[in-house]
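One structure below.
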Amino acid sequence: MKKSNRHRSKKIGMAPGSLVHVGEVKTAQPAVSIFGFAKDQLSERTLSTETLASLALPDAGEKLWLNVHGAHDVALIRQIGQLFHLHPLVMEDILNTDQRAKVDQYGDYLYIVTRCFHYDAKKMEIGSEQISLVLGKHYVLSFQERATGSFDPVRERLRTEHAAIREQGADYLAYALLDVVVDRYFGILEQMNDAAENLEDLLLRKPNAALLTQIHLLKRASMELRRAVWPLREVINSLLRNESAMFSPSTVLYLRDVYDHTVHFIESLEALRDLLGGMMDIYLSSVSNRVNMEVRALTVVTMLFMPATLISGIFGMNFEHIPWLADLDGFWFALALMASIASLMGLIFWRRQWLSRG
Amino acid sequence: MKKSNRHRSKKIGMAPGSLVHVGEVKTAQPAVSIFGFAKDQLSERTLSTETLASLALPDAGEKLWLNVHGAHDVALIRQIGQLFHLHPLVMEDILNTDQRAKVDQYGDYLYIVTRCFHYDAKKMEIGSEQISLVLGKHYVLSFQERATGSFDPVRERLRTEHAAIREQGADYLAYALLDVVVDRYFGILEQMNDAAENLEDLLLRKPNAALLTQIHLLKRASMELRRAVWPLREVINSLLRNESAMFSPSTVLYLRDVYDHTVHFIESLEALRDLLGGMMDIYLSSVSNRVNMEVRALTVVTMLFMPATLISGIFGMNFEHIPWLADLDGFWFALALMASIASLMGLIFWRRQWLSRG
Amino acid sequence: MKKSNRHRSKKIGMAPGSLVHVGEVKTAQPAVSIFGFAKDQLSERTLSTETLASLALPDAGEKLWLNVHGAHDVALIRQIGQLFHLHPLVMEDILNTDQRAKVDQYGDYLYIVTRCFHYDAKKMEIGSEQISLVLGKHYVLSFQERATGSFDPVRERLRTEHAAIREQGADYLAYALLDVVVDRYFGILEQMNDAAENLEDLLLRKPNAALLTQIHLLKRASMELRRAVWPLREVINSLLRNESAMFSPSTVLYLRDVYDHTVHFIESLEALRDLLGGMMDIYLSSVSNRVNMEVRALTVVTMLFMPATLISGIFGMNFEHIPWLADLDGFWFALALMASIASLMGLIFWRRQWLSRG
Amino acid sequence: MKKSNRHRSKKIGMAPGSLVHVGEVKTAQPAVSIFGFAKDQLSERTLSTETLASLALPDAGEKLWLNVHGAHDVALIRQIGQLFHLHPLVMEDILNTDQRAKVDQYGDYLYIVTRCFHYDAKKMEIGSEQISLVLGKHYVLSFQERATGSFDPVRERLRTEHAAIREQGADYLAYALLDVVVDRYFGILEQMNDAAENLEDLLLRKPNAALLTQIHLLKRASMELRRAVWPLREVINSLLRNESAMFSPSTVLYLRDVYDHTVHFIESLEALRDLLGGMMDIYLSSVSNRVNMEVRALTVVTMLFMPATLISGIFGMNFEHIPWLADLDGFWFALALMASIASLMGLIFWRRQWLSRG
Amino acid sequence: MKKSNRHRSKKIGMAPGSLVHVGEVKTAQPAVSIFGFAKDQLSERTLSTETLASLALPDAGEKLWLNVHGAHDVALIRQIGQLFHLHPLVMEDILNTDQRAKVDQYGDYLYIVTRCFHYDAKKMEIGSEQISLVLGKHYVLSFQERATGSFDPVRERLRTEHAAIREQGADYLAYALLDVVVDRYFGILEQMNDAAENLEDLLLRKPNAALLTQIHLLKRASMELRRAVWPLREVINSLLRNESAMFSPSTVLYLRDVYDHTVHFIESLEALRDLLGGMMDIYLSSVSNRVNMEVRALTVVTMLFMPATLISGIFGMNFEHIPWLADLDGFWFALALMASIASLMGLIFWRRQWLSRG
């Protein structure tokens, strides 16, 4: 998050619609792939920046899906933007890859921003990439920061002959893309839940200060994720209201399903956060408890030595008339006195359970 | 919760409406039971997967209730789905048994998801099963993960001759099913409240660290339960608005009652959570208080020995001219001095209540 | 709260409208009193269960108020319910005496549930009883769990000749009953505020662990009360919107007054809760502070003895050549050395204020 | 707050509209002042309770402002109420001086309750008085508990010849009165902010337990104030919606200004509360930190004495053959050993910074 | 914040629209600059207070932008206000430079208040200045407290020939000014994030009490900033609804962009606050942990000396018959006994990890 804000500040004062890439460049070579499909046909091409100019828009009956890897290539985005008559602000937003999820309506197309996430299990950090979708009557444009393979399942379904997805309109394709993005969120959740369970096991077996930092990191990642997914819920809710009428009623039923998944995901994150919060409480109180018990045990042991030390001091005094000093067994008697007092005290403390560590 | 997310991830990238069971298989043998009833008649059958094909839909005047135990049988769900013309998403949701409560409207039927819960008193964990209801004009389909006996009271009422429930429509049957599901929640609440009271008793009698973990577990269970029931409140509220017109006005009055129970249940859970939160506070402060008091008492006792030890050291010095050393009663005098100083200090500490543990 | 849930579970699986008493039986002998009144007349009767059958409904110009003490008598409630054509759910709710405040509209009458409270100053617990009101065009039915005298002021006003209340309709009577119920809440608040002030005084004079439990109990009572009154606010707000048109515009003005009182009461409870929360914070920090200070003071005193003990050890060593040992004043010199070092240290600690307890 | 609730309970069970003063009597002698004004004229009178009867209502073109000091005089309020045809509930509310801010619409006049505050810097407590405004088409009635001088600036403006306020209607006068009330809130805020800054200075220079109580009191005062002003925000917002059409469009513009001030005031209180909360955190952690550091330092010093004491004990043993005992410099050698070990340990502790207090 | 409230109180009781500057005077010499522009032309002038009187309003086709540095000059504001027929409240608000963001509609112009911020990295404090915008059909007036250079990028764009901004209306200019104000917020965020990262680094390397104060200051600054920007979100949202119809539909698209930035900024602040809150938790628990560990280690070391001291005391007793006293190696034997017991205890403590500091 912090880094992205740093990128953003380089645009301060520029005119709106100024096409400048904001964010990290995540792939060396941008790539454009195009699917043209109708009920019975499918054409699939990969274009370079040069051949893009020759792209002809599809026929009336055909639907087009243009996917771009590498949303940092200003020239490429401008070229596609002009081809599809995109608003300058849309092009600007595609290039600005650190935005929150949103949906904007522009005349005859919708611009949807969503994010896909990856979880770095080692650093316990959430990374994210922006996915921009432009949904027109007969086309879908998708812009990713790099090739993550998120959309591969949709490609597979398109390539299958007689697939239902070919018969549907561009709105259904947009739904399918949103669906796979949201579905992948649950993989992240699984990883984070595994990490949380590992931490819980370690916590119960042997709490140490390093765990606290890890709980903190995981909690932070879960809150960051929740904050990033929360606006997506609003986005899909607004698509469900379908004020733009870009979605057919049958596709809206499917969108409702994506909405349910998003809400489920957010609630699972909240459950995770509560779990981690509870673990932190348990950790803090168990550590403080343990140290308190140990200090108490040590103090108790200290006390066991005090009467013995005093007795040794008493018989070390230089009075001329001290009983037992001249006795043959006086020394052993003194030692026995020391031992019996210490034992008596130990017994009392043991019965009060002051010697235990718990 | 964690487990269910793990199941879900196996569907990532599948086409919507792909019929795959997501969740745990909880019964070996799926079972289908069918009630056909009208004002004066009742037919009751149990079907196997084979005989299901021969199922004829009821006459106009008759109402049908088809109940399935074992919502993981893909073939069975598909068969029933085709018979009743269910949307692929509905079939998918029936098979996906880790969803939150929701209601979806599909043309001429409603699809309602709710959950029933059981409480594992030993592990202090909440388990849950999904119950799917499909409410059509003249039929109710109910899908459970396993035979829990939840619906037995409704079956009994149907079997009673001249029962009011036979005269009512399918909407009233759906209400009756929701009602017994929500009624059973209060049994769970009772168990959890009993557990909380037990913990409170133990806490007041003898606080120990194991209680903290149990309070934590119970609090977590109550929050999990609250989070799971919360969407049901919304579901019933939306049924009350009755935008689908599937419920008759007289049944809506009864639904209002279920709504009241749900709200009451959620509030009782919140009261339970507050109670547990208060118990945790009391525990933490009493433990920290107790240990502090004990450490103070020990420190005080330590101090009682210090003057005596110093006196013994003083009379142990090797000066040639030390008073009383040669006296007959010098030794006893020294001991008396030690004892009186210690008593004086003990008196002071006792008056300041520094020797008490509270 | 816990007990009430226990009662409720005995109804699991029953048909709605099954008339079973849920809750504690709080009076031995149910009693029914009836007021018939019009502008210039008033008739007052007390009926037994037997004579109730002969009850004739009032004339068109007359208003009727039927009050029942002992809402657990199923036969009685059924008899009254049939007389006034009450819906089975209303009768069920009257018998189920552990509900939250609500208002339900049924054709030509309103069913209002509210609760009256009593405060057990010794246990610091809130108890409550359900009051059910049925408001028809010309009658008000009120059902209490036992005779609490809550409605006595209204009875007095009815008995007064030329009282305004006789001229008004049944809606005004219902308002008057709600008004006395809400007015009595402030008596509870007063008792709880007194208890809180007492605790605060004790806290400032001499904090001890028992106070913490009492603060906790009082806070819990205030939260329980707030949770119970909160829905009443909604109830009166919904009566103010007057969608049922059961209230005349002039009575709505008076209801607004009850609404203000309810909101005022809830805010006072929140102020009380904040006060108690602050007291708990002060207590915890003052106790921890005090013990810390005491431990520090004890540690400081311990240090005062250390140099003296070391000096006595040094002059107790058995070297043959130790200065001053043979001097006449050597012993006194050593004691003076001990005393002066201890004094010097004491002075330093005193100036750093390490010997004080605060 | 607590006191006011005590007053209120004396009205339990009374008929609505019963005119009884609830609250503290704050002035001995009620006073009534009347301003009649039109564009070019102004009449100003002070009436006693006796001469009030002779009060003639103003002409059509004239506006009237009647201000009462001493809202506890039941006879006076009844007399004025009858003169202006006030609803019994309005009269009751004027006499009941412990209400929250509200606005009630009655036919052709509005009844507005607001409160003015004073801050007792010594006790750090907020006191408040009720100000009731009745706004009719051509008159404003204002009722204060005692003469606070709040309205003096408005009087001054009225007395100025050609003042804009004379040309405006009664609605503008009501606005002007609300405006001065809200303006005075900022004086309170200033005092409380000064107190908070003083506390912060003291906290950074020398934290002690008395500061904690003061922070707590100030925080409580700020929350009490916020709770009391919050409903005023709603009141002015509802005046802005102007459903009663009592305000002219041009006056609504001015009311918007009062609304902004109220919101600003509430936000400043929240900032103050956050500041105080942060101060409390800093205090608690700094105190606990300081004591911990001190205890550590003391423990460290204790350790410096231990080797020396052990050495003196070793050379005090009564073995016949102990090296150095007979040496001339043996004693000095032992002392040097003690000193060098203590120095070495001191050096180690100093390098670990265990002797510092921070 | 505190200072501004102090300024405000000097206006208590003044008539509304009284033109008095409230706030700090931040520039010595007020300056007025005027841009007149149309599609193909641009005139730029800087006026003094004297020459302002001669200002002629622009032609129909021309747009005018008047910018004022030094919003404290009452005469200047009054002159401009009269020229553009501004409402007295607008002039008052321009002079009152401590307001929250808001938008007010006045007949044919909008009055917008926003704030620009600067961050004092040393004191970790947020300072702010008020920016007032008046948007009419053909003109924009902007009032700043001092020359901050915020608007320089817009000036540059205006000066560029064929700039899109010259072709657009005054509404687009107002958008452009809001846009650069919001863009600059991200610079502040960057500085605060850098500070937070620095603190985190220091925290992990070497926690000390000074860091706590800095975390606290930074958290406070982030909350203050959030509270100040929050109403801006509402302002832009209300501009988006465009009830005043002052913005053309194409400009509303651009405003949506500013809205997104504002929301993004607020969310980033919340993430920063969470980060700082987590850092504070980590700090507190790590400090308390460290001190606890150190105290435990010291206590353990203390215990190592106790048996040795006791042994030396035992052999220092004056009994006549003590074994080994007469042995040649008795002394060495005693020392060996001391050393071996201490070693054994040290070994036990080391295996329990009680000597480590973590």
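Here, A, B, ... name the chains of the structure tokens in the order displayed, residue numbers run from 1 inside each chain, and ligands are numbered from 1 in the same displayed order.
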Leaving out D:Arg115 and any residue of its chain fewer than 2 positions from it, which residues lie within 8 Å of it when counting only C-alpha atoms, given as a PDB file with C-alpha atoms, in the first residue's frame?
```
ATOM      1  CA  ARG D 100     -32.546  16.568  25.838  1.00  0.00           C
ATOM      2  CA  ALA D 101     -32.656  18.882  22.836  1.00  0.00           C
ATOM      3  CA  VAL D 113     -35.668  22.599  23.528  1.00  0.00           C
ATOM      4  CA  PHE D 117     -23.738  24.744  29.340  1.00  0.00           C
ATOM      5  CA  SER D 128     -26.368  22.775  31.982  1.00  0.00           C
ATOM      6  CA  GLU D 129     -29.595  24.700  31.836  1.00  0.00           C
ATOM      7  CA  GLN D 130     -32.587  24.171  29.633  1.00  0.00           C
ATOM      8  CA  ILE D 131     -33.646  26.807  27.152  1.00  0.00           C
ATOM      9  CA  VAL D 181     -26.567  29.575  22.340  1.00  0.00           C
ATOM     10  CA  ALA D 228     -25.978  16.453  25.281  1.00  0.00           C
TER      11      ALA D 228
END
```
Would you pick out the contacts of E:Ser288 at 9 Å or less, using only C-alpha atoms, so that residues sharing its chain but fewer than 6 positions from it are not included, and give the list as a count of residues only?
4
Residue hits in chain A, query chain E, radius 8 Å, only C-alpha atoms, as a PyMOL selection string:
chain A and resi 1-2+5-6+8-9+11-16+89+99-100+208-209+212-213+216+220+224+227+284+288+291+294-295+298-299+302+305+308-309+312-318+324-331
Can those selected residues be exported to a file as a short mmCIF file (atom, residue, chain, number, x, y, z; two decimals), in the first residue's frame so that it contains N, CA and C atoms?
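again_10.cif was written with the following content:
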```cif
data_model
loop_
_atom_site.label_atom_id
_atom_site.label_comp_id
_atom_site.auth_asym_id
_atom_site.auth_seq_id
_atom_site.Cartn_x
_atom_site.Cartn_y
_atom_site.Cartn_z
N MET A 1 0.83 -1.20 0.00
CA MET A 1 0.00 0.00 0.00
C MET A 1 0.88 1.26 0.00
N LYS A 2 1.84 1.20 0.90
CA LYS A 2 2.67 2.39 1.05
C LYS A 2 3.37 2.73 -0.27
N ASN A 5 1.21 4.52 -2.87
CA ASN A 5 0.98 5.95 -2.65
C ASN A 5 2.17 6.76 -3.14
N ARG A 6 3.35 6.16 -2.96
CA ARG A 6 4.53 6.84 -3.43
C ARG A 6 4.47 7.04 -4.94
N ARG A 8 1.84 7.26 -6.75
CA ARG A 8 0.77 8.17 -7.11
C ARG A 8 1.21 9.62 -7.06
N SER A 9 2.07 9.94 -6.09
CA SER A 9 2.41 11.35 -5.93
C SER A 9 3.15 11.91 -7.13
N LYS A 11 2.08 11.98 -10.01
CA LYS A 11 1.09 12.55 -10.92
C LYS A 11 0.51 13.87 -10.43
N ILE A 12 0.93 14.34 -9.24
CA ILE A 12 0.32 15.54 -8.67
C ILE A 12 0.35 16.69 -9.66
N GLY A 13 -0.81 17.27 -9.91
CA GLY A 13 -0.87 18.45 -10.74
C GLY A 13 -0.99 18.19 -12.23
N MET A 14 -0.96 16.95 -12.64
CA MET A 14 -1.14 16.67 -14.08
C MET A 14 -2.60 16.84 -14.47
N ALA A 15 -2.81 17.12 -15.76
CA ALA A 15 -4.17 17.21 -16.26
C ALA A 15 -4.82 15.84 -16.16
N PRO A 16 -6.14 15.79 -15.91
CA PRO A 16 -6.80 14.49 -15.88
C PRO A 16 -6.73 13.86 -17.26
N LEU A 89 -10.27 9.14 -19.02
CA LEU A 89 -10.17 8.74 -17.62
C LEU A 89 -10.06 7.23 -17.47
N GLN A 99 -5.52 1.14 -7.72
CA GLN A 99 -6.83 1.64 -7.33
C GLN A 99 -7.64 0.60 -6.58
N ARG A 100 -8.65 1.09 -5.86
CA ARG A 100 -9.59 0.19 -5.22
C ARG A 100 -10.64 -0.25 -6.24
N ASN A 208 6.29 -17.95 22.29
CA ASN A 208 7.46 -17.07 22.38
C ASN A 208 7.19 -15.78 21.62
N ALA A 209 8.05 -14.82 21.83
CA ALA A 209 7.78 -13.47 21.35
C ALA A 209 7.71 -13.40 19.83
N LEU A 212 4.23 -13.57 18.44
CA LEU A 212 3.43 -12.36 18.53
C LEU A 212 3.55 -11.55 17.25
N THR A 213 4.79 -11.37 16.78
CA THR A 213 5.00 -10.62 15.55
C THR A 213 4.29 -11.29 14.40
N HIS A 216 0.63 -10.73 14.57
CA HIS A 216 0.40 -9.34 14.18
C HIS A 216 0.45 -9.18 12.66
N ARG A 220 -2.65 -8.18 10.26
CA ARG A 220 -2.54 -7.03 9.38
C ARG A 220 -2.86 -7.42 7.94
N GLU A 224 -5.84 -5.92 5.70
CA GLU A 224 -5.54 -5.29 4.41
C GLU A 224 -6.39 -5.94 3.32
N ARG A 227 -9.99 -4.87 3.65
CA ARG A 227 -10.18 -3.51 3.18
C ARG A 227 -10.17 -3.44 1.65
N LEU A 284 -0.69 -12.96 25.13
CA LEU A 284 -0.24 -11.94 26.07
C LEU A 284 -0.51 -12.37 27.51
N SER A 288 2.42 -13.27 30.29
CA SER A 288 2.50 -12.49 31.53
C SER A 288 2.24 -13.39 32.73
N VAL A 291 5.49 -15.64 33.37
CA VAL A 291 6.58 -14.91 34.01
C VAL A 291 6.23 -14.60 35.45
N GLU A 294 6.74 -17.67 37.50
CA GLU A 294 8.15 -17.96 37.68
C GLU A 294 8.77 -17.05 38.73
N VAL A 295 8.43 -15.76 38.62
CA VAL A 295 8.98 -14.83 39.60
C VAL A 295 8.51 -15.20 41.00
N LEU A 298 10.50 -18.21 42.18
CA LEU A 298 11.85 -17.81 42.56
C LEU A 298 11.85 -17.11 43.91
N THR A 299 10.87 -16.24 44.12
CA THR A 299 10.79 -15.54 45.39
C THR A 299 10.58 -16.52 46.53
N THR A 302 13.79 -18.25 47.33
CA THR A 302 14.63 -17.32 48.09
C THR A 302 14.29 -17.36 49.58
N PHE A 305 15.79 -20.05 51.93
CA PHE A 305 17.16 -19.90 52.42
C PHE A 305 17.29 -18.93 53.58
N ALA A 308 17.62 -20.34 57.29
CA ALA A 308 18.89 -21.05 57.44
C ALA A 308 20.04 -20.06 57.57
N THR A 309 20.03 -19.05 56.72
CA THR A 309 21.09 -18.05 56.77
C THR A 309 21.10 -17.32 58.11
N SER A 312 22.56 -19.58 60.76
CA SER A 312 24.02 -19.65 60.67
C SER A 312 24.64 -18.37 61.22
N GLY A 313 23.99 -17.26 61.00
CA GLY A 313 24.49 -15.99 61.52
C GLY A 313 24.43 -15.97 63.04
N ILE A 314 23.33 -16.50 63.59
CA ILE A 314 23.15 -16.48 65.04
C ILE A 314 24.25 -17.28 65.73
N PHE A 315 24.52 -18.45 65.17
CA PHE A 315 25.57 -19.27 65.80
C PHE A 315 26.97 -18.80 65.42
N GLY A 316 27.03 -17.79 64.56
CA GLY A 316 28.33 -17.21 64.22
C GLY A 316 28.66 -15.99 65.07
N MET A 317 27.70 -15.61 65.92
CA MET A 317 27.95 -14.45 66.79
C MET A 317 29.02 -14.78 67.81
N ASN A 318 29.71 -13.76 68.27
CA ASN A 318 30.87 -13.99 69.14
C ASN A 318 30.57 -13.88 70.63
N TRP A 324 24.75 -24.79 73.26
CA TRP A 324 25.08 -25.83 72.28
C TRP A 324 26.43 -25.67 71.61
N LEU A 325 27.02 -24.47 71.71
CA LEU A 325 28.26 -24.27 70.95
C LEU A 325 29.30 -25.33 71.33
N ALA A 326 29.28 -25.69 72.60
CA ALA A 326 30.30 -26.61 73.05
C ALA A 326 29.86 -28.08 72.91
N ASP A 327 28.58 -28.27 72.57
CA ASP A 327 28.08 -29.64 72.45
C ASP A 327 28.73 -30.33 71.26
N LEU A 328 28.86 -31.63 71.42
CA LEU A 328 29.46 -32.41 70.31
C LEU A 328 28.56 -32.37 69.08
N ASP A 329 27.21 -32.47 69.31
CA ASP A 329 26.28 -32.53 68.19
C ASP A 329 25.64 -31.18 67.86
N GLY A 330 26.14 -30.13 68.49
CA GLY A 330 25.57 -28.80 68.28
C GLY A 330 25.50 -28.43 66.81
N PHE A 331 26.60 -28.68 66.12
CA PHE A 331 26.65 -28.33 64.70
C PHE A 331 25.55 -29.06 63.93
#
```
Counting only C-alpha atoms, figure out which residue out of C:Ser48, C:Ser54, C:Gln41, C:Asn67 gets nearest to C:Leu141.
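So, comparing all the options, the nearest one is C:Asn67.
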Applying 8 Å and only C-alpha atoms, which residues near D:Arg78 remain after dropping the ones on its own chain fewer than 3 positions away? List them as a list of chain:residue names.
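With the cut-off at 8 Å, the set is D:Leu19, D:Val74, D:Ala75, D:Gly81, D:Gln82, D:Met91.
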Could you find all residues in stretch 30-266 of chain D that DSSP calls strand (DSSP E or B) from the backbone, and write them as a ChimeraX atom specification?
/D:31-38,41-47,63-69,96,102-106,109-120,125-135,139-144
All residues 7 Å or closer to C:Tyr139, only C-alpha atoms, same chain fewer than 6 positions away omitted, as a list in words:
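Result of the neighbour search: Lys63, Leu64, Trp65 and Ala170 of chain C.
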Could you please take those selected residues and save all heavy atoms as a short mmCIF file (atom, residue, chain, number, x, y, z; two decimals), in the first residue's frame?
```cif
data_model
loop_
_atom_site.label_atom_id
_atom_site.label_comp_id
_atom_site.auth_asym_id
_atom_site.auth_seq_id
_atom_site.Cartn_x
_atom_site.Cartn_y
_atom_site.Cartn_z
N LYS C 63 -66.02 2.60 26.62
CA LYS C 63 -64.70 1.99 26.43
C LYS C 63 -64.48 0.96 27.52
O LYS C 63 -64.98 1.14 28.64
CB LYS C 63 -63.61 3.06 26.49
CG LYS C 63 -63.41 3.83 25.20
CD LYS C 63 -64.27 5.08 25.12
CE LYS C 63 -63.98 6.06 26.24
NZ LYS C 63 -64.72 7.33 26.09
N LEU C 64 -63.71 -0.10 27.20
CA LEU C 64 -63.50 -1.17 28.16
C LEU C 64 -62.01 -1.39 28.38
O LEU C 64 -61.22 -1.38 27.43
CB LEU C 64 -64.13 -2.46 27.62
CG LEU C 64 -63.98 -3.68 28.51
CD1 LEU C 64 -65.34 -4.10 29.00
CD2 LEU C 64 -63.30 -4.79 27.75
N TRP C 65 -61.65 -1.55 29.66
CA TRP C 65 -60.26 -1.92 29.96
C TRP C 65 -60.29 -3.18 30.80
O TRP C 65 -60.80 -3.21 31.91
CB TRP C 65 -59.55 -0.80 30.70
CG TRP C 65 -58.19 -1.18 31.21
CD1 TRP C 65 -57.36 -2.13 30.70
CD2 TRP C 65 -57.51 -0.62 32.33
NE1 TRP C 65 -56.21 -2.19 31.42
CE2 TRP C 65 -56.26 -1.27 32.44
CE3 TRP C 65 -57.81 0.38 33.24
CZ2 TRP C 65 -55.34 -0.96 33.42
CZ3 TRP C 65 -56.90 0.68 34.22
CH2 TRP C 65 -55.66 0.02 34.30
N ALA C 170 -59.93 4.64 23.65
CA ALA C 170 -59.10 3.54 24.15
C ALA C 170 -57.64 3.78 23.83
O ALA C 170 -56.74 3.34 24.56
CB ALA C 170 -59.56 2.22 23.54
#
```
List the spatial neighbours of stretch 25-37 of chain D as a list in words - criterion: any atom at most 6 Å away, only C-alpha atoms, same-chain residues fewer than 6 positions off excluded.
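Once the adjacent positions are removed, what remains is Ser43, Glu44, Arg45, Thr46, Leu47, Glu62, Lys63, Leu64, Trp65, Leu66, Asn67, Val68, His69, Gly70 and Arg146 of chain D.
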Rounded to one decimal place, report the atom CA of E:Gly169-atom CA of E:Val229 distance in Å.
26.7 Å
Applying 12 Å and only C-alpha atoms, which residues near D:Ser248 remain after dropping the ones on its own chain fewer than 6 positions away? List them as a list in words.
Lys137, Gln168, Gly169, Ala170, Asp171, Tyr172, Leu173, Ala174, Tyr175, Leu239, Leu240, Arg241, Asn242, Tyr254 and Leu255 of chain D
For the structure I just gave you, how does DSSP split stretch 135-247 of chain B - specifically, which residues are helix (DSSP H, G or I)? Reply as a VMD selection string.
chain B and resid 152 to 159 164 to 167 170 to 205 209 to 241
